Each structure stands twice: as structure tokens, then as C-alpha cells.
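As C-alpha cells, the structure follows; a few thoughts come after it.
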Amino acid sequence: MFFVDDGYSGTNYDRPGFQSMLVEIEAGRVGIVITKDLSRLGRNSALTGLYTNFTFPQYGVRYIAINDNYDTIDPNSVNNDFAGIKNWFNEFYARDTSRKIRAVQKAKGERGVPLTVNVPYGYVKDPENPKHWLVDPEAAAIVKRIFSMCMEGRGPTQIANQLWVDKVLTPTAYKLSHGLSTNSPAPEDPYRWDKRAVSSILERREYTGCTVNFKTYTNSIWDKKRHLNPVENQAIFPDTHERIIDDDVFEKVQEIRSQRHRMTRTGKSSIFSGMVYCADCGSTGTSVKTSLIALCTRRTGASARDTSSG
């Protein structure tokens with residue numbers, strides 16, 4: 001059996017080929033594991049040592065790293081004694097490479113060069129300068145409509161449902177239909193908008209003509225999860241491309257979304273929306289019946305509570 005992880009970093013132990021190999025090992029269907037060298041197994045010295053010294057022996061698996069002359073069948077080999085040092089150097093190489101890449105990205109970001117690979121929905125890359133964005137009139141009209149519906153008091157779910165009813169292509173379906181690159185697979189329903197896609201559009205400051213860098217960060221090369229960076233730590237460069245949304249509209253939408261007022265079935269928003277909390281679960285998902293009574297919509301069979309005090 002061959003397990004290949006082309007395009008994946010050795011710092012990532014969740015790569016599909018590696019995980020498939022572990023499944024086969026745990027099922028007892030692997031007797032020997034062979035790699036070109038120790039770095040092909042991984043570039044985290046602690047985890048690589050864990051697999052070679054504990055996991056593989058636990059399942060009776062022999063491990064061979066050809067170029068490093070490493071073979072677990074001979075635990076007294078001098079080459080095996082140096083494996084820990086080699087694993088450390090493999091990890092150091094990964095750290096050093098990551099450090100250099102981060103330095104280059106930091107320099108670019110501080111100069112105002114867009115760091116995002118995917119151009120936001122509503123823009124396309126300038127054929128003469130890929131770092132510059134041009135407005136896509138057709139998609140930009142949808143972006144303006146989304147902001148307009150939010151200004152009217154509609155939430156992301158309501159906006160998504162309206163776009164679905166009106167047969168508006170989702171951003172992914174739109175890009176695919178126009179031959180534009182996207183990392184997302186083709187959706188089953190090209191018109192079924194997701195509320196998260198709507199929220200993402202409403203939160204993108206780039207629509208005001210700004211380049212926004214350093215919006216997310218990772219804690220280390222081992223932590224692949226991206227964390228949101230506070231606005232004060234982001235690098236914002238105004239007027240780098242044509243705006244789709246005016247500043248006052250964008251700020252108003254952020255204010256509306258921060259209040260999170262919900263529309264009722266009558267199409268109106270209660271004056272208590274976002275202000276009344278359940279005393280038991282702390283949820284804002286309450287239904288205000290009168291000025292004194294509110295029902296928690298998340299607690300089955302919850303009785304009405306008198307919200308008046310004194």
C-alpha cells in the first residue's frame with residue numbers, strides 16, 4: 001500500500017494519507033512502514049518520536065527511514081540513537097521556513113499589498129495587475145442589495161431566503177458559471193444561499209474600497225486554526241480599489257448587526273429585541289408577549305415569566 005500526501009506540510013499530522021495509514025495500522029493490516037527519511041513522517045520532533053517509539057511498536061509495526069539509515073528492528077543501532085537529533089533538525093527547518101514566510105507576508109501586508117488569495121464576491125482581479133481589484137457590476141449589484149436588505153432590518157437568514165426565492169446564484173455558483181477560480185466545490189443547489197455567506201459579505205470592510213490585512217492569525221506552526229484579529233491589530237489601507245458600499249452604510253450595518261434585533265412574523269422588530277434575556281438559560285431567544293411578559297423560545301414548556309420587578 002502507498003500513502004501519498006502531496007501538497008501537505010510535514011507539520012500537519014491530519015493529512016489524509018497519514019491518517020489513512022494510521023487506520024490501516026490500527027486495523028492490523030500493516031507490518032512495515034517505509035519512508036524516504038524521517039522528515040517524510042513528520043516535522044514535529046515530539047509527535048514523530050511518539051509514533052516511532054510508541055504507536056508503531058504498540059501495533060507491532062517496523063519502521064524504516066531509508067536515507068537516515070533508521071530501522072526500528074535494530075534498537076541498538078547508532079543511527080537510531082541520532083534519530084531524536086534528526087527529528088529536532090527537521091522541526092527546526094519547518095520553524096525557520098515558517099518564520100521567513102511570515103516575515104515576507106508581514107512586509108507585504110504592511111505595504112498594503114492584499115494578502116488574501118480569493119478576491120471578495122463583487123470584485124475580479126485586474127488582468128493588468130492581479131494585486132488590484134476591479135468591480136464586477138453583476139455581483140456588485142447583489143452585494144449592494146444585501147446591504148440594503150440589512151438596512152431594512154432583515155437578518156442573514158431572511159436575506160439568504162429572499163435571494164434563494166429570487167434565484168440569485170450563490171457566490172460559489174456565480175464564480176463557477178463565469179469561469180472564476182474558487183476553493184469551494186459546486187453546490188447542489190446553485191441558488192441556496194447560506195446565512196454565513198451573507199454574514200461574511202456584511203462584515204467585509206473591503207467593500208468600502210479598503211485593503212484589510214492581518215484579519216486572522218495562528219498561534220504557531222502547529223496550530224492550523226485561524227483566530228480573528230482585533231480591528232486595532234489589523235492593517236487597513238483606504239481607497240485601494242473602487243468602493244461598492246459607502247462608509248456610512250457599512251458602519252450602520254455593523255451597528256444594526258451588533259444589536260441583533262430579530263424580525264417577527266409581522267415583519268416588525270420588537271423594541272425589546274436583543275434586550276430581554278431568559279433568567280434560566282441566558283438566551284436572547286425570547287418572545288415578548290406584552291410589556292411585562294416574555295417567553296423563552298429555547299426552553300420546551302417554559303412558563304411565562306413576569307419581567308417586571310418591584
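Starting from 1 in every chain, residues are counted up; chains themselves are A, B, ... following the order of the C-alpha cells, and ligands are numbered from 1 as listed.
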* Asked: Where in region 53-98 of chain A does DSSP assign strand (DSSP E or B), given as a PyMOL selection string?
  -> chain A and resi 62-65+70-71
* For Arg145 (chain A), work out the shell of residues within 10 Å, counting only C-alpha atoms and skipping chain neighbours fewer than 6 positions away, then give it as an MDAnalysis selection string. => chainID A and resid 139 151 159 163
Residues from last step as file, N, CA, C and O atoms, as a compact mmCIF listing (two decimals), in the first residue's frame:
```txt
# COMPACT_ATOMS: atom_id res chain seq x y z
N ALA A 139 -22.17 41.10 -9.85
CA ALA A 139 -22.07 40.64 -8.46
C ALA A 139 -22.15 41.81 -7.49
O ALA A 139 -22.72 41.68 -6.40
N MET A 151 -30.17 46.95 5.95
CA MET A 151 -30.56 48.28 6.42
C MET A 151 -32.06 48.35 6.69
O MET A 151 -32.52 49.13 7.53
N ILE A 159 -32.35 37.29 4.52
CA ILE A 159 -31.73 37.74 3.27
C ILE A 159 -31.39 36.53 2.40
O ILE A 159 -31.64 36.54 1.19
N LEU A 163 -32.89 35.73 -1.41
CA LEU A 163 -32.03 35.52 -2.59
C LEU A 163 -32.31 34.16 -3.22
O LEU A 163 -32.24 34.02 -4.46
```
* Structure fact -> Judged by only C-alpha atoms, the minimum distance to Asp6 (chain A) among A:Arg40, A:Ile34, A:Thr208, A:Glu91 is found for A:Arg40
* To do: May I have the residues within 12 Å of Asn161 (chain A) as a ChimeraX atom specification, using only C-alpha atoms and disregarding those fewer than 6 positions away in the same chain?
  => /A:146,149,154-155,167-168,170,191-195,197-198
Enumerate, in order of chain and increasing residue number, the residues of region 199-256 of chain A with an atom no farther than 8 Å from region 94-109 of chain A, each with its shortest atom pair and distance in Å to one decimal, counting only C-alpha atoms, as a tab-separated table.
```
residue	atom	partner	partner_atom	distance
A:Asn213	CA	A:Gly109	CA	5.8
A:Phe214	CA	A:Gly109	CA	7.3
A:Ile221	CA	A:Ser98	CA	7.1
A:Ala235	CA	A:Gly109	CA	7.3
```
* Which polymer residues have any atom within 8 Å of an atom of Ser39 (chain A), counting only C-alpha atoms, with same-chain residues fewer than 5 positions away left out, as a list of chain:residue names? ->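 Contacts, in chain order: A:Gly10, A:Asn87, A:Asn90.
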Once you have the residues from the selection above, write them out as a PDB file, in the first residue's frame, restricted to C-alpha atoms.
```
ATOM      1  CA  GLY A  10       5.021  17.735   7.331  1.00  0.00           C
ATOM      2  CA  ASN A  87      13.841  14.961  14.216  1.00  0.00           C
ATOM      3  CA  ASN A  90      13.587  18.573  10.774  1.00  0.00           C
TER       4      ASN A  90
END
```
* Asked: How many Å lie between CA of Asp14 (chain A) and CA of Lys215 (chain A), rounded to one decimal?
  ->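 The value is 24.7 Å.
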* Asked: If you run DSSP on the backbone, which residues of region 108-221 of chain A are alpha helix (DSSP H), as an MDAnalysis selection string?
  -> chainID A and resid 108:110 137:151 156:165 171:177 195:203
For the selection just defined, write its residues with C-alpha atoms to a file, as a short mmCIF file (atom, residue, chain, number, x, y, z; two decimals), in the first residue's frame.
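Writing the result to part-v4.cif gives the following:
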```cif
data_model
loop_
_atom_site.label_atom_id
_atom_site.label_comp_id
_atom_site.auth_asym_id
_atom_site.auth_seq_id
_atom_site.Cartn_x
_atom_site.Cartn_y
_atom_site.Cartn_z
CA LYS A 108 3.79 42.78 2.06
CA GLY A 109 0.84 43.36 4.36
CA GLU A 110 2.38 46.47 5.88
CA PRO A 137 -21.03 45.04 -11.88
CA GLU A 138 -23.32 41.99 -11.80
CA ALA A 139 -22.07 40.64 -8.46
CA ALA A 140 -21.64 44.14 -7.00
CA ALA A 141 -25.35 44.77 -7.54
CA ILE A 142 -26.14 41.75 -5.34
CA VAL A 143 -23.73 42.97 -2.67
CA LYS A 144 -25.50 46.35 -2.62
CA ARG A 145 -28.85 44.60 -2.40
CA ILE A 146 -27.69 42.51 0.57
CA PHE A 147 -26.58 45.63 2.44
CA SER A 148 -29.85 47.35 1.52
CA MET A 149 -31.94 44.47 2.90
CA CYS A 150 -29.91 44.55 6.12
CA MET A 151 -30.56 48.28 6.42
CA PRO A 156 -28.82 36.99 7.35
CA THR A 157 -31.29 34.09 7.29
CA GLN A 158 -34.08 36.25 5.84
CA ILE A 159 -31.73 37.74 3.27
CA ALA A 160 -30.47 34.29 2.27
CA ASN A 161 -34.03 33.00 1.86
CA GLN A 162 -35.00 36.01 -0.28
CA LEU A 163 -32.03 35.52 -2.59
CA TRP A 164 -32.96 31.84 -2.90
CA VAL A 165 -36.54 32.69 -3.80
CA PRO A 171 -21.03 33.32 -4.76
CA THR A 172 -19.50 29.91 -5.49
CA ALA A 173 -22.02 29.06 -8.22
CA TYR A 174 -21.59 32.54 -9.70
CA LYS A 175 -17.80 32.24 -9.87
CA LEU A 176 -18.00 28.77 -11.42
CA SER A 177 -20.54 29.96 -14.01
CA LYS A 195 -26.68 32.75 6.18
CA ARG A 196 -22.96 32.53 6.91
CA ALA A 197 -22.16 33.67 3.37
CA VAL A 198 -24.48 36.63 3.86
CA SER A 199 -22.89 37.48 7.22
CA SER A 200 -19.43 37.28 5.67
CA ILE A 201 -20.41 39.77 2.98
CA LEU A 202 -21.94 42.16 5.52
CA GLU A 203 -18.74 42.08 7.60
#
```
* Restricting the calculation to only C-alpha atoms, which member of A:Val78, A:Val231, A:Leu115, A:Cys278 is positioned closest to Thr211 (chain A)? ->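 Using only C-alpha atoms, the shortest distance to Thr211 (chain A) belongs to A:Leu115.
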* To do: Excluding Pro75 (chain A) and any residue of its chain fewer than 6 positions from it, enumerate the residues within 12 Å of it, using only C-alpha atoms, and give them as a PyMOL selection string.
  => chain A and resi 52-53+57+62-64+81-83
